[in-house]
file input.cif (mmCIF, C-alpha atoms and all ligand atoms)
data_run
#
loop_
_atom_site.group_PDB
_atom_site.id
_atom_site.type_symbol
_atom_site.label_atom_id
_atom_site.label_comp_id
_atom_site.auth_asym_id
_atom_site.auth_seq_id
_atom_site.Cartn_x
_atom_site.Cartn_y
_atom_site.Cartn_z
ATOM 1 C CA MET A 2 -131.865 -74.519 2.902
ATOM 2 C CA ALA A 3 -129.000 -76.998 3.137
ATOM 3 C CA ASP A 4 -130.966 -79.579 1.200
ATOM 4 C CA ALA A 5 -131.770 -77.137 -1.573
ATOM 5 C CA GLY A 6 -128.093 -76.190 -1.851
ATOM 6 C CA TRP A 7 -126.966 -79.785 -2.084
ATOM 7 C CA PHE A 8 -129.702 -80.612 -4.531
ATOM 8 C CA SER A 9 -128.802 -77.840 -6.944
ATOM 9 C CA VAL A 10 -125.116 -78.690 -6.805
ATOM 10 C CA ALA A 11 -125.807 -82.365 -7.471
ATOM 11 C CA GLN A 12 -128.187 -81.363 -10.234
ATOM 12 C CA CYS A 13 -125.588 -79.103 -11.846
ATOM 13 C CA PHE A 14 -123.004 -81.822 -11.723
ATOM 14 C CA LYS A 15 -125.344 -84.303 -13.355
ATOM 15 C CA VAL A 16 -126.284 -81.877 -16.101
ATOM 16 C CA TYR A 17 -122.638 -81.110 -16.700
ATOM 17 C CA VAL A 18 -121.628 -84.743 -16.895
ATOM 18 C CA LEU A 19 -124.551 -85.440 -19.166
ATOM 19 C CA PHE A 20 -123.446 -82.640 -21.471
ATOM 20 C CA LEU A 21 -119.956 -84.040 -21.495
ATOM 21 C CA VAL A 22 -121.137 -87.502 -22.391
ATOM 22 C CA VAL A 23 -123.523 -86.259 -25.080
ATOM 23 C CA SER A 24 -120.913 -84.022 -26.676
ATOM 24 C CA LEU A 25 -118.356 -86.784 -26.658
ATOM 25 C CA SER A 26 -120.736 -89.386 -28.009
ATOM 26 C CA GLN A 27 -121.326 -87.124 -30.989
ATOM 27 C CA CYS A 28 -117.917 -88.431 -31.951
ATOM 28 C CA GLN A 29 -119.571 -91.670 -32.901
ATOM 29 C CA THR A 30 -122.115 -90.184 -35.286
ATOM 30 C CA LEU A 31 -119.523 -88.058 -37.052
ATOM 31 C CA SER A 32 -117.714 -90.897 -38.662
ATOM 32 C CA THR A 33 -115.103 -88.910 -40.492
ATOM 33 C CA ALA A 34 -114.819 -85.195 -39.817
ATOM 34 C CA CYS A 35 -114.569 -84.129 -36.177
ATOM 35 C CA ILE A 36 -115.793 -80.572 -36.817
ATOM 36 C CA GLU A 37 -118.565 -80.529 -34.215
ATOM 37 C CA VAL A 38 -116.279 -81.973 -31.588
ATOM 38 C CA LYS A 39 -113.634 -79.374 -32.395
ATOM 39 C CA LYS A 40 -116.266 -76.646 -31.864
ATOM 40 C CA ALA A 41 -117.475 -78.066 -28.553
ATOM 41 C CA TYR A 42 -113.918 -78.655 -27.383
ATOM 42 C CA ALA A 43 -112.817 -75.123 -28.265
ATOM 43 C CA ALA A 44 -115.922 -73.735 -26.536
ATOM 44 C CA LYS A 45 -114.589 -75.260 -23.326
ATOM 45 C CA GLY A 46 -111.439 -73.194 -23.744
ATOM 46 C CA PHE A 47 -109.173 -75.889 -25.189
ATOM 47 C CA ASP A 48 -107.064 -75.928 -28.333
ATOM 48 C CA GLU A 49 -109.147 -77.450 -31.132
ATOM 49 C CA ASN A 50 -105.968 -78.735 -32.779
ATOM 50 C CA GLU A 51 -105.854 -81.362 -30.055
ATOM 51 C CA VAL A 52 -108.939 -82.949 -31.605
ATOM 52 C CA PRO A 53 -108.013 -85.416 -34.327
ATOM 53 C CA LEU A 54 -109.006 -84.498 -37.879
ATOM 54 C CA LYS A 55 -110.711 -87.810 -38.387
ATOM 55 C CA ALA A 56 -112.215 -90.356 -36.022
ATOM 56 C CA VAL A 57 -109.586 -92.604 -34.460
ATOM 57 C CA SER A 58 -109.667 -95.839 -32.522
ATOM 58 C CA GLY A 59 -110.866 -95.317 -28.960
ATOM 59 C CA GLU A 60 -109.428 -98.508 -27.543
ATOM 60 C CA GLU A 61 -107.435 -96.977 -24.683
ATOM 61 C CA LEU A 62 -110.222 -94.590 -23.624
ATOM 62 C CA THR A 63 -112.051 -94.792 -20.298
ATOM 63 C CA ILE A 64 -114.874 -92.235 -20.599
ATOM 64 C CA CYS A 65 -115.461 -91.757 -24.339
ATOM 65 C CA PRO A 66 -116.901 -94.680 -26.338
ATOM 66 C CA ARG A 67 -114.144 -97.158 -27.136
ATOM 67 C CA THR A 68 -115.103 -97.348 -30.789
ATOM 68 C CA GLU A 69 -114.139 -95.047 -33.648
ATOM 69 C CA THR A 70 -114.113 -91.627 -31.984
ATOM 70 C CA CYS A 71 -112.945 -88.015 -32.195
ATOM 71 C CA CYS A 72 -111.842 -88.252 -28.589
ATOM 72 C CA THR A 73 -108.304 -88.934 -27.342
ATOM 73 C CA ARG A 74 -106.844 -89.877 -23.992
ATOM 74 C CA ASP A 75 -105.392 -86.398 -23.619
ATOM 75 C CA MET A 76 -108.800 -84.780 -24.299
ATOM 76 C CA GLU A 77 -110.421 -87.095 -21.801
ATOM 77 C CA ASP A 78 -107.940 -86.085 -19.118
ATOM 78 C CA LYS A 79 -108.376 -82.390 -19.806
ATOM 79 C CA LEU A 80 -112.177 -82.574 -19.816
ATOM 80 C CA THR A 81 -112.201 -84.619 -16.625
ATOM 81 C CA SER A 82 -109.957 -82.119 -14.920
ATOM 82 C CA LEU A 83 -112.131 -79.213 -16.101
ATOM 83 C CA SER A 84 -115.253 -80.985 -14.958
ATOM 84 C CA ARG A 85 -113.747 -81.578 -11.524
ATOM 85 C CA LYS A 86 -112.702 -77.939 -11.224
ATOM 86 C CA GLU A 87 -116.138 -76.660 -12.191
ATOM 87 C CA TYR A 88 -117.817 -79.039 -9.812
ATOM 88 C CA VAL A 89 -115.648 -77.927 -6.911
ATOM 89 C CA ARG A 90 -116.167 -74.268 -7.797
ATOM 90 C CA GLN A 91 -119.939 -74.669 -7.824
ATOM 91 C CA LEU A 92 -119.851 -76.622 -4.612
ATOM 92 C CA GLU A 93 -117.783 -73.894 -3.000
ATOM 93 C CA GLU A 94 -120.189 -71.229 -4.184
ATOM 94 C CA SER A 95 -123.120 -73.096 -2.685
ATOM 95 C CA PHE A 96 -121.241 -73.517 0.559
ATOM 96 C CA LYS A 97 -120.344 -69.856 0.644
ATOM 97 C CA LEU A 98 -124.024 -68.990 0.394
ATOM 98 C CA LEU A 99 -124.895 -71.508 3.078
ATOM 99 C CA LYS A 100 -122.144 -70.122 5.282
ATOM 100 C CA THR A 101 -123.265 -66.508 5.024
ATOM 101 C CA THR A 102 -126.896 -67.534 5.474
ATOM 102 C CA PHE A 103 -126.029 -69.392 8.653
ATOM 103 C CA ALA A 104 -123.927 -66.539 9.944
ATOM 104 C CA SER A 105 -126.548 -63.876 9.243
ATOM 105 C CA ARG A 106 -129.427 -65.935 10.683
ATOM 106 C CA THR A 107 -127.420 -66.632 13.823
ATOM 107 C CA LYS A 108 -126.623 -62.958 14.225
ATOM 108 C CA LYS A 109 -130.241 -61.942 13.633
ATOM 109 C CA PHE A 110 -131.559 -64.240 16.323
ATOM 110 C CA ASP A 111 -128.782 -63.289 18.705
ATOM 111 C CA ASP A 112 -129.463 -59.564 18.236
ATOM 112 C CA PHE A 113 -133.159 -60.174 18.718
ATOM 113 C CA PHE A 114 -132.738 -62.083 21.955
ATOM 114 C CA VAL A 115 -130.206 -59.631 23.397
ATOM 115 C CA GLN A 116 -132.639 -56.818 22.599
ATOM 116 C CA LEU A 117 -135.410 -58.721 24.372
ATOM 117 C CA ILE A 118 -133.282 -58.984 27.522
ATOM 118 C CA ASP A 119 -132.386 -55.280 27.350
ATOM 119 C CA LYS A 120 -136.004 -54.309 26.880
ATOM 120 C CA ALA A 121 -137.215 -56.529 29.716
ATOM 121 C CA GLN A 122 -134.648 -54.981 32.023
ATOM 122 C CA LEU A 123 -135.525 -51.428 30.977
ATOM 123 C CA ASP A 124 -139.284 -51.970 31.277
ATOM 124 C CA LEU A 125 -138.893 -53.537 34.692
ATOM 125 C CA HIS A 126 -136.597 -50.735 35.775
ATOM 126 C CA GLU A 127 -139.064 -48.033 34.707
ATOM 127 C CA MET A 128 -142.019 -49.781 36.277
ATOM 128 C CA PHE A 129 -140.281 -50.280 39.636
ATOM 129 C CA LEU A 130 -138.901 -46.771 39.572
ATOM 130 C CA GLN A 131 -142.399 -45.361 39.120
ATOM 131 C CA THR A 132 -143.940 -47.643 41.713
ATOM 132 C CA TYR A 133 -141.299 -47.703 44.441
ATOM 133 C CA GLY A 134 -139.085 -44.722 43.599
ATOM 134 C CA LEU A 135 -136.144 -44.311 45.963
ATOM 135 C CA LEU A 136 -136.818 -47.629 47.662
ATOM 136 C CA TYR A 137 -136.236 -49.383 44.367
ATOM 137 C CA GLN A 138 -133.273 -47.233 43.394
ATOM 138 C CA GLN A 139 -131.486 -48.176 46.612
ATOM 139 C CA ASN A 140 -131.948 -51.863 45.797
ATOM 140 C CA ALA A 141 -131.658 -51.777 42.027
ATOM 141 C CA ALA A 142 -128.394 -53.755 42.241
ATOM 142 C CA ILE A 143 -130.381 -56.932 43.002
ATOM 143 C CA PHE A 144 -132.179 -56.578 39.666
ATOM 144 C CA THR A 145 -129.053 -55.569 37.796
ATOM 145 C CA LYS A 146 -127.321 -58.707 39.107
ATOM 146 C CA LEU A 147 -130.188 -60.896 37.932
ATOM 147 C CA PHE A 148 -129.968 -59.554 34.394
ATOM 148 C CA THR A 149 -126.183 -59.760 34.370
ATOM 149 C CA ASP A 150 -126.445 -63.427 35.360
ATOM 150 C CA LEU A 151 -129.069 -64.094 32.696
ATOM 151 C CA ARG A 152 -126.892 -62.473 30.021
ATOM 152 C CA HIS A 153 -123.913 -64.545 31.112
ATOM 153 C CA TYR A 154 -125.981 -67.703 30.978
ATOM 154 C CA TYR A 155 -127.205 -66.862 27.488
ATOM 155 C CA LYS A 156 -123.628 -66.216 26.326
ATOM 156 C CA GLY A 157 -122.731 -69.762 27.366
ATOM 157 C CA LYS A 158 -121.441 -69.474 30.936
ATOM 158 C CA ASP A 159 -121.882 -72.620 32.975
ATOM 159 C CA MET A 160 -124.548 -71.586 35.526
ATOM 160 C CA ASN A 161 -127.576 -73.120 37.163
ATOM 161 C CA LEU A 162 -130.574 -70.958 36.271
ATOM 162 C CA SER A 163 -132.674 -72.365 39.113
ATOM 163 C CA GLU A 164 -130.002 -71.190 41.503
ATOM 164 C CA VAL A 165 -129.781 -67.798 39.817
ATOM 165 C CA MET A 166 -133.514 -67.261 40.274
ATOM 166 C CA GLU A 167 -133.447 -68.652 43.801
ATOM 167 C CA SER A 168 -130.625 -66.316 44.758
ATOM 168 C CA PHE A 169 -132.504 -63.359 43.271
ATOM 169 C CA PHE A 170 -135.669 -64.072 45.230
ATOM 170 C CA SER A 171 -133.872 -64.712 48.485
ATOM 171 C CA LYS A 172 -131.950 -61.422 48.205
ATOM 172 C CA LEU A 173 -135.206 -59.678 47.388
ATOM 173 C CA LEU A 174 -136.918 -61.272 50.359
ATOM 174 C CA GLN A 175 -134.116 -60.211 52.681
ATOM 175 C CA ARG A 176 -134.325 -56.610 51.478
ATOM 176 C CA VAL A 177 -138.123 -56.526 51.718
ATOM 177 C CA PHE A 178 -137.956 -58.064 55.168
ATOM 178 C CA GLU A 179 -135.476 -55.427 56.315
ATOM 179 C CA LEU A 180 -137.542 -52.617 54.824
ATOM 180 C CA VAL A 181 -140.810 -53.801 56.360
ATOM 181 C CA ASN A 182 -139.109 -54.168 59.741
ATOM 182 C CA SER A 183 -136.979 -51.064 59.390
ATOM 183 C CA GLY A 184 -137.054 -50.374 63.131
ATOM 184 C CA TYR A 185 -134.871 -53.420 63.724
ATOM 185 C CA VAL A 186 -131.352 -54.442 62.794
ATOM 186 C CA PHE A 187 -130.896 -58.057 61.679
ATOM 187 C CA THR A 188 -127.746 -60.131 61.601
ATOM 188 C CA SER A 189 -126.861 -62.000 58.423
ATOM 189 C CA ASP A 190 -127.529 -65.271 60.267
ATOM 190 C CA TYR A 191 -131.030 -64.111 61.006
ATOM 191 C CA LEU A 192 -131.602 -63.061 57.400
ATOM 192 C CA GLY A 193 -130.199 -66.399 56.257
ATOM 193 C CA CYS A 194 -132.759 -68.102 58.436
ATOM 194 C CA VAL A 195 -135.519 -65.958 56.901
ATOM 195 C CA THR A 196 -134.370 -67.097 53.452
ATOM 196 C CA ASP A 197 -134.340 -70.745 54.551
ATOM 197 C CA LYS A 198 -137.950 -70.405 55.613
ATOM 198 C CA MET A 199 -138.928 -68.880 52.270
ATOM 199 C CA ASN A 200 -140.099 -72.202 50.839
ATOM 200 C CA ASP A 201 -142.490 -72.671 53.788
ATOM 201 C CA LEU A 202 -143.595 -69.037 54.109
ATOM 202 C CA LYS A 203 -143.960 -68.379 50.361
ATOM 203 C CA PRO A 204 -143.892 -64.583 50.791
ATOM 204 C CA PHE A 205 -144.164 -64.083 47.007
ATOM 205 C CA GLY A 206 -146.778 -66.827 46.534
ATOM 206 C CA GLU A 207 -146.247 -68.974 43.439
ATOM 207 C CA VAL A 208 -144.452 -66.180 41.562
ATOM 208 C CA PRO A 209 -140.866 -67.421 42.091
ATOM 209 C CA ILE A 210 -141.652 -70.945 40.903
ATOM 210 C CA LYS A 211 -143.654 -69.776 37.884
ATOM 211 C CA LEU A 212 -141.144 -67.128 36.898
ATOM 212 C CA SER A 213 -138.219 -69.498 37.413
ATOM 213 C CA THR A 214 -139.790 -72.114 35.174
ATOM 214 C CA GLN A 215 -140.571 -69.623 32.419
ATOM 215 C CA VAL A 216 -137.160 -67.979 32.525
ATOM 216 C CA ARG A 217 -135.445 -71.361 32.469
ATOM 217 C CA LYS A 218 -137.489 -72.573 29.510
ATOM 218 C CA ALA A 219 -136.903 -69.403 27.488
ATOM 219 C CA PHE A 220 -133.195 -69.155 28.200
ATOM 220 C CA ILE A 221 -132.384 -72.820 27.731
ATOM 221 C CA ALA A 222 -134.221 -72.834 24.379
ATOM 222 C CA ALA A 223 -132.606 -69.608 23.168
ATOM 223 C CA ARG A 224 -129.118 -70.612 24.213
ATOM 224 C CA THR A 225 -129.424 -74.094 22.719
ATOM 225 C CA PHE A 226 -130.737 -72.656 19.468
ATOM 226 C CA VAL A 227 -127.926 -70.126 19.102
ATOM 227 C CA GLN A 228 -125.308 -72.731 20.009
ATOM 228 C CA GLY A 229 -126.813 -75.092 17.426
ATOM 229 C CA LEU A 230 -126.624 -72.447 14.718
ATOM 230 C CA SER A 231 -123.068 -71.710 15.676
ATOM 231 C CA ILE A 232 -122.100 -75.399 15.434
ATOM 232 C CA GLY A 233 -123.749 -75.547 12.002
ATOM 233 C CA LYS A 234 -121.625 -72.612 10.893
ATOM 234 C CA ASP A 235 -118.451 -74.308 12.171
ATOM 235 C CA VAL A 236 -119.303 -77.548 10.365
ATOM 236 C CA ILE A 237 -119.790 -75.709 7.072
ATOM 237 C CA ASN A 238 -116.558 -73.788 7.610
ATOM 238 C CA SER A 239 -114.591 -76.959 8.268
ATOM 239 C CA VAL A 240 -115.844 -78.707 5.127
ATOM 240 C CA PHE A 241 -113.796 -76.425 2.876
ATOM 241 C CA GLU A 242 -110.770 -75.845 5.039
HETATM 242 C C1 LIG B 1 -129.693 -76.606 39.700
HETATM 243 O O1 LIG B 1 -129.967 -76.277 41.028
HETATM 244 C C2 LIG B 1 -131.131 -76.889 41.562
HETATM 245 C C3 LIG B 1 -131.383 -76.291 42.942
HETATM 246 O O2 LIG B 1 -130.202 -76.108 43.660
HETATM 247 C C4 LIG B 1 -130.928 -78.403 41.595
HETATM 248 O O3 LIG B 1 -132.088 -79.029 42.090
HETATM 249 C C5 LIG B 1 -130.677 -78.870 40.167
HETATM 250 O O4 LIG B 1 -130.394 -80.248 40.149
HETATM 251 C C6 LIG B 1 -129.505 -78.118 39.559
HETATM 252 N N1 LIG B 1 -129.440 -78.460 38.157
HETATM 253 C C7 LIG B 1 -128.298 -78.782 37.561
HETATM 254 C C8 LIG B 1 -128.381 -79.105 36.124
HETATM 255 O O5 LIG B 1 -127.227 -78.827 38.159
#
call {"tool": "encode", "arguments": {"input": "input.cif", "output": "structure tokens"}}
result
Amino acid sequence: MADAGWFSVAQCFKVYVLFLVVSLSQCQTLSTACIEVKKAYAAKGFDENEVPLKAVSGEELTICPRTETCCTRDMEDKLTSLSRKEYVRQLEESFKLLKTTFASRTKKFDDFFVQLIDKAQLDLHEMFLQTYGLLYQQNAAIFTKLFTDLRHYYKGKDMNLSEVMESFFSKLLQRVFELVNSGYVFTSDYLGCVTDKMNDLKPFGEVPIKLSTQVRKAFIAARTFVQGLSIGKDVINSVFE
């Protein structure tokens, strides 16, 4: 995308300069009357009376041929200035396109990923509600917290995803432990000890490790991608400020 934009701008500039050179070098072939040059010059929006009636010496010129020519220093300056203006305008147009493209692509991906998180949360919520009913409803905050943390991470908050997942599973384990042993009351020290033993006991099997790895991969990639797009947008913005 960026390459194509640059290429077309460079191309345009070349074509424009080429046109300029060709139209000015016509001066040489028209030894006496400068009619064609007057036409070309007027077509660019300038006063054709600025073009000499007959070819003059081009000794002090820097762009036009320095022989007998229909070009003057004043014309050279005006054409150069016009050329510069047109070049900048075209460059700006290309950048505008690039800017909006970047912005809209970033937004599209961002919307998509946010929707994915929402959908995952909703699906999980419905599934647990159907399977565990009230038991789940009473502990839904654990799941809500997990998704809140994941959203914060995605939005750029400095968090450790491994710790987020670990905290989720240890809270879950504590709740499950309490529910399974509902005849007893446990102190927080005791529950802390249960959590500490989680790595040895593996009450959820390999699920926490697998899920943690997958969540980390997905979120790190998504966040990095969106941040990259956003930096690209800032770079483009700063070029024409
Ligand atoms: C995240 O936390 C885990 C577990 O506490 C730790 O091993 C890891 O080094 C931490 N990662 C970062 C980037 O701080």
call {"tool": "residues_near_ligand", "arguments": {"input": "input.cif", "ligand": "ligand LIG 1 (chain B)", "cutoff": "12 Å", "atoms": "only C-alpha atoms and all ligand atoms", "output": "PDB file with C-alpha atoms, in the coordinates of the input"}}
result
ATOM      1  CA  ASP A 159    -121.882 -72.620  32.975  1.00  0.00           C
ATOM      2  CA  MET A 160    -124.548 -71.586  35.526  1.00  0.00           C
ATOM      3  CA  ASN A 161    -127.576 -73.120  37.163  1.00  0.00           C
ATOM      4  CA  LEU A 162    -130.574 -70.958  36.271  1.00  0.00           C
ATOM      5  CA  SER A 163    -132.674 -72.365  39.113  1.00  0.00           C
ATOM      6  CA  GLU A 164    -130.002 -71.190  41.503  1.00  0.00           C
ATOM      7  CA  VAL A 165    -129.781 -67.798  39.817  1.00  0.00           C
ATOM      8  CA  MET A 166    -133.514 -67.261  40.274  1.00  0.00           C
ATOM      9  CA  GLU A 167    -133.447 -68.652  43.801  1.00  0.00           C
ATOM     10  CA  SER A 168    -130.625 -66.316  44.758  1.00  0.00           C
ATOM     11  CA  ILE A 210    -141.652 -70.945  40.903  1.00  0.00           C
ATOM     12  CA  SER A 213    -138.219 -69.498  37.413  1.00  0.00           C
ATOM     13  CA  THR A 214    -139.790 -72.114  35.174  1.00  0.00           C
ATOM     14  CA  ARG A 217    -135.445 -71.361  32.469  1.00  0.00           C
ATOM     15  CA  ILE A 221    -132.384 -72.820  27.731  1.00  0.00           C
TER      16      ILE A 221
END
call {"tool": "closest_residue", "arguments": {"input": "input.cif", "among": "A:Phe103, A:Phe178, A:Phe114, A:Tyr137", "to": "Leu230 (chain A)", "atoms": "only C-alpha atoms"}}
result
A:Phe103
call {"tool": "resolve_selection", "arguments": {"input": "input.cif", "expression": "the PyMOL selection byres (((chain A and resi 94-100) around 7) and not hetatm)", "output": "NGL selection string"}}
result
:A and (3 or 6 or 90-93 or 101-104 or 234 or 237)
call {"tool": "resolve_selection", "arguments": {"input": "input.cif", "expression": "the PyMOL selection byres (((chain A and resi 226) around 12) and not hetatm)", "output": "JSON, numbers by chain"}}
result
{"A": [106, 107, 108, 110, 111, 114, 155, 156, 157, 219, 220, 221, 222, 223, 224, 225, 227, 228, 229, 230, 231, 232, 233]}
call {"tool": "closest_residue", "arguments": {"input": "input.cif", "among": "A:Asp124, A:Ala43, A:Asp119, A:Phe169", "to": "Phe144 (chain A)", "atoms": "all atoms listed in the file"}}
result
A:Phe169
call {"tool": "atom_distance", "arguments": {"input": "input.cif", "atom1": "CA of Thr132 (chain A)", "atom2": "CA of Val208 (chain A)"}}
result
18.5 Å
call {"tool": "resolve_selection", "arguments": {"input": "input.cif", "expression": "the PyMOL selection byres (((chain A and resi 76-81) around 9) and not hetatm)", "output": "ChimeraX atom specification"}}
result
/A:21,42,45,47,51-52,62-65,72-75,82-86
call {"tool": "closest_residue", "arguments": {"input": "input.cif", "among": "A:Asn238, A:Ser105, A:Ser171, A:Gln116", "to": "Asp197 (chain A)", "atoms": "all atoms listed in the file"}}
result
A:Ser171
call {"tool": "atom_distance", "arguments": {"input": "input.cif", "atom1": "CA of Gln175 (chain A)", "atom2": "CA of Leu192 (chain A)"}}
result
6.1 Å
call {"tool": "atom_distance", "arguments": {"input": "input.cif", "atom1": "CA of Leu174 (chain A)", "atom2": "CA of Lys158 (chain A)"}}
result
26.2 Å
call {"tool": "residues_around", "arguments": {"input": "input.cif", "residues": "region 179-182 of chain A", "least_positions_apart": "2", "cutoff": "12 Å", "atoms": "all atoms listed in the file", "output": "PyMOL selection string"}}
result
chain A and resi 136-137+139-140+172-177+184-189+191-192+195
call {"tool": "build_atoms", "arguments": {"input": "input.cif", "residues": "region 212-231 of chain A", "atoms": "N, CA, C and O atoms", "output": "PDB file, in the coordinates of the input"}}
result
ATOM      1  N   LEU A 212    -142.099 -67.957  37.630  1.00  0.00           N
ATOM      2  CA  LEU A 212    -141.144 -67.128  36.898  1.00  0.00           C
ATOM      3  C   LEU A 212    -139.875 -67.913  36.585  1.00  0.00           C
ATOM      4  O   LEU A 212    -139.345 -67.866  35.472  1.00  0.00           O
ATOM      5  N   SER A 213    -139.422 -68.666  37.575  1.00  0.00           N
ATOM      6  CA  SER A 213    -138.219 -69.498  37.413  1.00  0.00           C
ATOM      7  C   SER A 213    -138.382 -70.456  36.244  1.00  0.00           C
ATOM      8  O   SER A 213    -137.494 -70.595  35.404  1.00  0.00           O
ATOM      9  N   THR A 214    -139.527 -71.129  36.233  1.00  0.00           N
ATOM     10  CA  THR A 214    -139.790 -72.114  35.174  1.00  0.00           C
ATOM     11  C   THR A 214    -139.792 -71.442  33.807  1.00  0.00           C
ATOM     12  O   THR A 214    -139.179 -71.942  32.855  1.00  0.00           O
ATOM     13  N   GLN A 215    -140.476 -70.296  33.719  1.00  0.00           N
ATOM     14  CA  GLN A 215    -140.571 -69.623  32.419  1.00  0.00           C
ATOM     15  C   GLN A 215    -139.214 -69.105  31.957  1.00  0.00           C
ATOM     16  O   GLN A 215    -138.851 -69.258  30.788  1.00  0.00           O
ATOM     17  N   VAL A 216    -138.480 -68.510  32.878  1.00  0.00           N
ATOM     18  CA  VAL A 216    -137.160 -67.979  32.525  1.00  0.00           C
ATOM     19  C   VAL A 216    -136.254 -69.115  32.072  1.00  0.00           C
ATOM     20  O   VAL A 216    -135.550 -69.011  31.069  1.00  0.00           O
ATOM     21  N   ARG A 217    -136.298 -70.224  32.820  1.00  0.00           N
ATOM     22  CA  ARG A 217    -135.445 -71.361  32.469  1.00  0.00           C
ATOM     23  C   ARG A 217    -135.766 -71.887  31.073  1.00  0.00           C
ATOM     24  O   ARG A 217    -134.885 -72.101  30.257  1.00  0.00           O
ATOM     25  N   LYS A 218    -137.064 -72.060  30.818  1.00  0.00           N
ATOM     26  CA  LYS A 218    -137.489 -72.573  29.510  1.00  0.00           C
ATOM     27  C   LYS A 218    -136.993 -71.660  28.393  1.00  0.00           C
ATOM     28  O   LYS A 218    -136.411 -72.122  27.413  1.00  0.00           O
ATOM     29  N   ALA A 219    -137.256 -70.362  28.548  1.00  0.00           N
ATOM     30  CA  ALA A 219    -136.903 -69.403  27.488  1.00  0.00           C
ATOM     31  C   ALA A 219    -135.397 -69.365  27.255  1.00  0.00           C
ATOM     32  O   ALA A 219    -134.934 -69.417  26.111  1.00  0.00           O
ATOM     33  N   PHE A 220    -134.643 -69.311  28.343  1.00  0.00           N
ATOM     34  CA  PHE A 220    -133.195 -69.155  28.200  1.00  0.00           C
ATOM     35  C   PHE A 220    -132.512 -70.431  27.715  1.00  0.00           C
ATOM     36  O   PHE A 220    -131.580 -70.366  26.926  1.00  0.00           O
ATOM     37  N   ILE A 221    -132.988 -71.560  28.189  1.00  0.00           N
ATOM     38  CA  ILE A 221    -132.384 -72.820  27.731  1.00  0.00           C
ATOM     39  C   ILE A 221    -132.641 -72.985  26.227  1.00  0.00           C
ATOM     40  O   ILE A 221    -131.740 -73.306  25.460  1.00  0.00           O
ATOM     41  N   ALA A 222    -133.884 -72.695  25.800  1.00  0.00           N
ATOM     42  CA  ALA A 222    -134.221 -72.834  24.379  1.00  0.00           C
ATOM     43  C   ALA A 222    -133.398 -71.873  23.528  1.00  0.00           C
ATOM     44  O   ALA A 222    -132.807 -72.276  22.517  1.00  0.00           O
ATOM     45  N   ALA A 223    -133.329 -70.621  23.960  1.00  0.00           N
ATOM     46  CA  ALA A 223    -132.606 -69.608  23.168  1.00  0.00           C
ATOM     47  C   ALA A 223    -131.132 -69.952  23.074  1.00  0.00           C
ATOM     48  O   ALA A 223    -130.534 -69.892  21.999  1.00  0.00           O
ATOM     49  N   ARG A 224    -130.549 -70.317  24.206  1.00  0.00           N
ATOM     50  CA  ARG A 224    -129.118 -70.612  24.213  1.00  0.00           C
ATOM     51  C   ARG A 224    -128.806 -71.851  23.360  1.00  0.00           C
ATOM     52  O   ARG A 224    -127.862 -71.864  22.583  1.00  0.00           O
ATOM     53  N   THR A 225    -129.638 -72.874  23.504  1.00  0.00           N
ATOM     54  CA  THR A 225    -129.424 -74.094  22.719  1.00  0.00           C
ATOM     55  C   THR A 225    -129.531 -73.802  21.228  1.00  0.00           C
ATOM     56  O   THR A 225    -128.731 -74.284  20.422  1.00  0.00           O
ATOM     57  N   PHE A 226    -130.517 -72.993  20.874  1.00  0.00           N
ATOM     58  CA  PHE A 226    -130.737 -72.656  19.468  1.00  0.00           C
ATOM     59  C   PHE A 226    -129.526 -71.918  18.882  1.00  0.00           C
ATOM     60  O   PHE A 226    -129.012 -72.284  17.818  1.00  0.00           O
ATOM     61  N   VAL A 227    -129.069 -70.914  19.589  1.00  0.00           N
ATOM     62  CA  VAL A 227    -127.926 -70.126  19.102  1.00  0.00           C
ATOM     63  C   VAL A 227    -126.665 -70.987  19.038  1.00  0.00           C
ATOM     64  O   VAL A 227    -125.890 -70.904  18.079  1.00  0.00           O
ATOM     65  N   GLN A 228    -126.483 -71.855  20.025  1.00  0.00           N
ATOM     66  CA  GLN A 228    -125.308 -72.731  20.009  1.00  0.00           C
ATOM     67  C   GLN A 228    -125.389 -73.712  18.840  1.00  0.00           C
ATOM     68  O   GLN A 228    -124.382 -74.006  18.202  1.00  0.00           O
ATOM     69  N   GLY A 229    -126.606 -74.183  18.553  1.00  0.00           N
ATOM     70  CA  GLY A 229    -126.813 -75.092  17.426  1.00  0.00           C
ATOM     71  C   GLY A 229    -126.454 -74.420  16.108  1.00  0.00           C
ATOM     72  O   GLY A 229    -125.751 -74.987  15.277  1.00  0.00           O
ATOM     73  N   LEU A 230    -126.932 -73.199  15.942  1.00  0.00           N
ATOM     74  CA  LEU A 230    -126.624 -72.447  14.718  1.00  0.00           C
ATOM     75  C   LEU A 230    -125.126 -72.234  14.577  1.00  0.00           C
ATOM     76  O   LEU A 230    -124.564 -72.331  13.490  1.00  0.00           O
ATOM     77  N   SER A 231    -124.506 -71.970  15.693  1.00  0.00           N
ATOM     78  CA  SER A 231    -123.068 -71.710  15.676  1.00  0.00           C
ATOM     79  C   SER A 231    -122.287 -72.976  15.304  1.00  0.00           C
ATOM     80  O   SER A 231    -121.307 -72.918  14.554  1.00  0.00           O
TER      81      SER A 231
END
